[in-house]
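Q: Sharing a structure here in structure tokens format.
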Amino acid sequence: MLFRSFPESVEKLGAEAGVELPKWSPEDEEREQKKKSLYDIVELAAKFYEAQLFEAGGREARDYLKGRGLDGAAAKQFRLGYAPGGNGALIKHLTEHNVTQDDMIAAGLARPAEDGRPMRDFFYNRVMFTITDGRGRAIAFGGRALEADAKPKYINTGETSLFSKG
């Protein structure tokens with residue numbers, strides 16, 4: 001017998017094993033739908049960073065990777081990318097794909113507006129390393145600064161519903 005969703009499948013298997021599972025609430029369903037949306041947004045960002053690595057502006061990042069012995073094939077295999085400088089390129093890209101500012105922030109891709117500064121990209125002018133979950137889905141990023149005096153040199157996506165540093 002085919003089931004429509006993962007929760008239905010788990011419920012059926014639990015019943016067969018004599019294990020009673022808590023019921024799936026509308027709040028649980030809403031939270032799951034939100035996570036699915038965030039996976040799509042992080043994947044969109046990963047593709048953006050990957051494409052930027054091979055654009056003219058990604059030359060410094062490509063040179064850095066070459067200096068570390070990584071060529072274009074390795075960049076594609078490990079989903080390496082480049083977050084452009086300018087502090088708004090990803091936000092512009094995601095906005096063009098109808099991603100809301102709240103979702104950009106929830107996915108850990110943007111910093112909220114504060115202290116009179118507008119919302120800005122979380123990562124900029126960095127070599128990007130896509131972090132994936134056990135299923136291979138993009139869930140977060142690590143970024144290595146290209147400027148010698150940038151602080152911090154390495155930074156990861158903050159805590160999100162998809163990514164926990166712990």
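Residue numbers start at 1 in each chain; chains themselves are named A, B, ... in the order of the structure tokens; ligands are numbered from 1 in the order shown.
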Can you pull out every residue within 12 Å of Arg126 (chain A), counting only C-alpha atoms, but drop anything in the same chain fewer than 6 positions away, and send it as a ChimeraX atom specification?

A: /A:49-50,52-53,57-62,64-65,80-87,141-148,150-156

Q: For the residues in the current selection, export N, CA and C atoms as a compact mmCIF listing (two decimals), in the first residue's frame.

A:
```txt
# COMPACT_ATOMS: atom_id res chain seq x y z
N TYR A 49 26.16 31.01 -5.56
CA TYR A 49 27.58 31.08 -5.20
C TYR A 49 28.44 30.29 -6.17
N GLU A 50 27.97 29.12 -6.56
CA GLU A 50 28.72 28.28 -7.52
C GLU A 50 28.90 29.01 -8.85
N GLN A 52 28.82 32.25 -9.35
CA GLN A 52 29.66 33.44 -9.16
C GLN A 52 31.15 33.09 -9.19
N LEU A 53 31.50 31.89 -8.76
CA LEU A 53 32.90 31.48 -8.77
C LEU A 53 33.47 31.52 -10.18
N GLY A 57 34.04 38.27 -11.64
CA GLY A 57 34.29 38.72 -10.27
C GLY A 57 34.83 37.64 -9.35
N GLY A 58 34.75 36.38 -9.76
CA GLY A 58 35.23 35.28 -8.94
C GLY A 58 36.69 34.92 -9.16
N ARG A 59 37.40 35.73 -9.93
CA ARG A 59 38.80 35.41 -10.27
C ARG A 59 39.68 35.26 -9.03
N GLU A 60 39.57 36.15 -8.08
CA GLU A 60 40.41 36.07 -6.88
C GLU A 60 40.11 34.78 -6.11
N ALA A 61 38.84 34.41 -6.04
CA ALA A 61 38.46 33.17 -5.36
C ALA A 61 39.01 31.95 -6.11
N ARG A 62 38.92 31.98 -7.45
CA ARG A 62 39.48 30.87 -8.24
C ARG A 62 40.99 30.77 -8.04
N TYR A 64 42.67 31.73 -5.43
CA TYR A 64 42.90 31.20 -4.08
C TYR A 64 42.76 29.67 -4.09
N LEU A 65 41.70 29.18 -4.71
CA LEU A 65 41.47 27.73 -4.75
C LEU A 65 42.57 27.02 -5.53
N LEU A 80 31.89 24.28 -4.37
CA LEU A 80 32.56 25.50 -3.91
C LEU A 80 32.00 26.69 -4.67
N GLY A 81 32.09 27.85 -4.07
CA GLY A 81 31.55 29.03 -4.72
C GLY A 81 32.23 30.29 -4.26
N TYR A 82 31.63 31.39 -4.64
CA TYR A 82 32.16 32.71 -4.29
C TYR A 82 31.00 33.63 -3.95
N ALA A 83 31.10 34.27 -2.79
CA ALA A 83 30.14 35.30 -2.39
C ALA A 83 30.74 36.64 -2.77
N PRO A 84 30.15 37.32 -3.75
CA PRO A 84 30.71 38.59 -4.21
C PRO A 84 30.75 39.65 -3.11
N GLY A 85 31.68 40.59 -3.27
CA GLY A 85 31.71 41.75 -2.39
C GLY A 85 30.52 42.64 -2.70
N GLY A 86 30.40 43.70 -1.99
CA GLY A 86 29.31 44.63 -2.27
C GLY A 86 28.14 44.47 -1.34
N ASN A 87 28.10 43.35 -0.63
CA ASN A 87 27.18 43.20 0.48
C ASN A 87 25.70 43.25 0.12
N PHE A 141 26.42 27.21 4.97
CA PHE A 141 27.66 27.53 4.28
C PHE A 141 28.77 27.84 5.26
N GLY A 142 30.00 27.59 4.80
CA GLY A 142 31.18 28.09 5.46
C GLY A 142 31.82 29.04 4.47
N GLY A 143 32.36 30.13 4.96
CA GLY A 143 32.98 31.10 4.07
C GLY A 143 34.37 31.47 4.56
N ARG A 144 35.33 31.54 3.64
CA ARG A 144 36.70 31.93 3.95
C ARG A 144 36.97 33.28 3.32
N ALA A 145 37.34 34.24 4.15
CA ALA A 145 37.59 35.60 3.67
C ALA A 145 38.74 35.62 2.67
N LEU A 146 38.62 36.48 1.67
CA LEU A 146 39.69 36.65 0.70
C LEU A 146 40.61 37.80 1.07
N GLU A 147 40.13 38.75 1.86
CA GLU A 147 40.97 39.86 2.31
C GLU A 147 41.83 39.39 3.47
N ALA A 148 43.12 39.69 3.40
CA ALA A 148 44.06 39.21 4.42
C ALA A 148 43.72 39.70 5.83
N ALA A 150 40.64 40.54 6.97
CA ALA A 150 39.22 40.36 7.31
C ALA A 150 39.10 39.57 8.61
N LYS A 151 38.15 39.98 9.43
CA LYS A 151 37.87 39.28 10.68
C LYS A 151 36.39 38.94 10.71
N PRO A 152 36.03 37.72 10.98
CA PRO A 152 36.89 36.55 11.11
C PRO A 152 37.31 36.03 9.74
N LYS A 153 38.38 35.26 9.75
CA LYS A 153 38.86 34.69 8.49
C LYS A 153 37.86 33.65 7.98
N TYR A 154 37.33 32.82 8.89
CA TYR A 154 36.35 31.80 8.55
C TYR A 154 35.06 32.09 9.30
N ILE A 155 33.93 31.90 8.63
CA ILE A 155 32.63 32.09 9.28
C ILE A 155 31.65 31.07 8.71
N ASN A 156 30.80 30.56 9.57
CA ASN A 156 29.75 29.62 9.14
C ASN A 156 28.39 30.28 9.29
```

Q: What parts of region 8-98 of chain A does DSSP call strand (DSSP E or B)? I'd like the answer as a PyMOL selection string.

A: chain A and resi 80-83

Q: Could you please take those selected residues and save N, CA and C atoms as a PDB file, in the first residue's frame?

A:
```
ATOM      1  N   LEU A  80      31.886  24.285  -4.366  1.00  0.00           N
ATOM      2  CA  LEU A  80      32.555  25.495  -3.905  1.00  0.00           C
ATOM      3  C   LEU A  80      31.997  26.685  -4.673  1.00  0.00           C
ATOM      4  N   GLY A  81      32.086  27.849  -4.068  1.00  0.00           N
ATOM      5  CA  GLY A  81      31.548  29.030  -4.721  1.00  0.00           C
ATOM      6  C   GLY A  81      32.229  30.293  -4.263  1.00  0.00           C
ATOM      7  N   TYR A  82      31.630  31.393  -4.637  1.00  0.00           N
ATOM      8  CA  TYR A  82      32.159  32.706  -4.291  1.00  0.00           C
ATOM      9  C   TYR A  82      31.002  33.632  -3.947  1.00  0.00           C
ATOM     10  N   ALA A  83      31.097  34.270  -2.792  1.00  0.00           N
ATOM     11  CA  ALA A  83      30.136  35.299  -2.391  1.00  0.00           C
ATOM     12  C   ALA A  83      30.737  36.638  -2.775  1.00  0.00           C
TER      13      ALA A  83
END
```

Q: Check the smallest atom-to-atom distance from each of A:Phe129, A:Glu159, A:Ile41, A:Ala73 to Asp102 (chain A) using only C-alpha atoms, then report the winner.

A: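 Under the stated criterion, the closest residue is A:Ile41.
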
Q: One number please: CA of Met119 (chain A) to CA of Met104 (chain A), in Å, one decimal.

A: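 Distance between the two atoms: 9.9 Å.
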
Q: May I have the residues within 10 Å of Asp133 (chain A) as a list in words, using only C-alpha atoms and disregarding those fewer than 4 positions away in the same chain?

A: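 Listed by chain and then number, they are Arg137, Ala138, Ile139, Ala140, Leu162 and Phe163 of chain A.
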
Q: Can I get the selected residues back with C-alpha atoms, as a CSV table (one decimal), in the first residue's frame?

A:
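Final output, part31.csv:
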```
chain,number,residue,atom,x,y,z
A,137,ARG,CA,20.8,18.8,0.6
A,138,ALA,CA,22.4,22.2,1.0
A,139,ILE,CA,21.7,23.4,4.6
A,140,ALA,CA,24.4,26.0,5.3
A,162,LEU,CA,18.2,23.5,9.1
A,163,PHE,CA,21.6,23.9,10.6
```

Q: What lies within 8 Å of Asp121 (chain A) using only C-alpha atoms, ignoring chain neighbours under 4 positions off, as a ChimeraX atom specification?

A: /A:87-91,109-111

Q: Taking into account only C-alpha atoms, which residue in the set A:Lys92, A:Val42, A:Phe123, A:Lys47 is nearest to Ala106 (chain A)?

A: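 For Ala106 (chain A), the nearest of the given residues is A:Val42.
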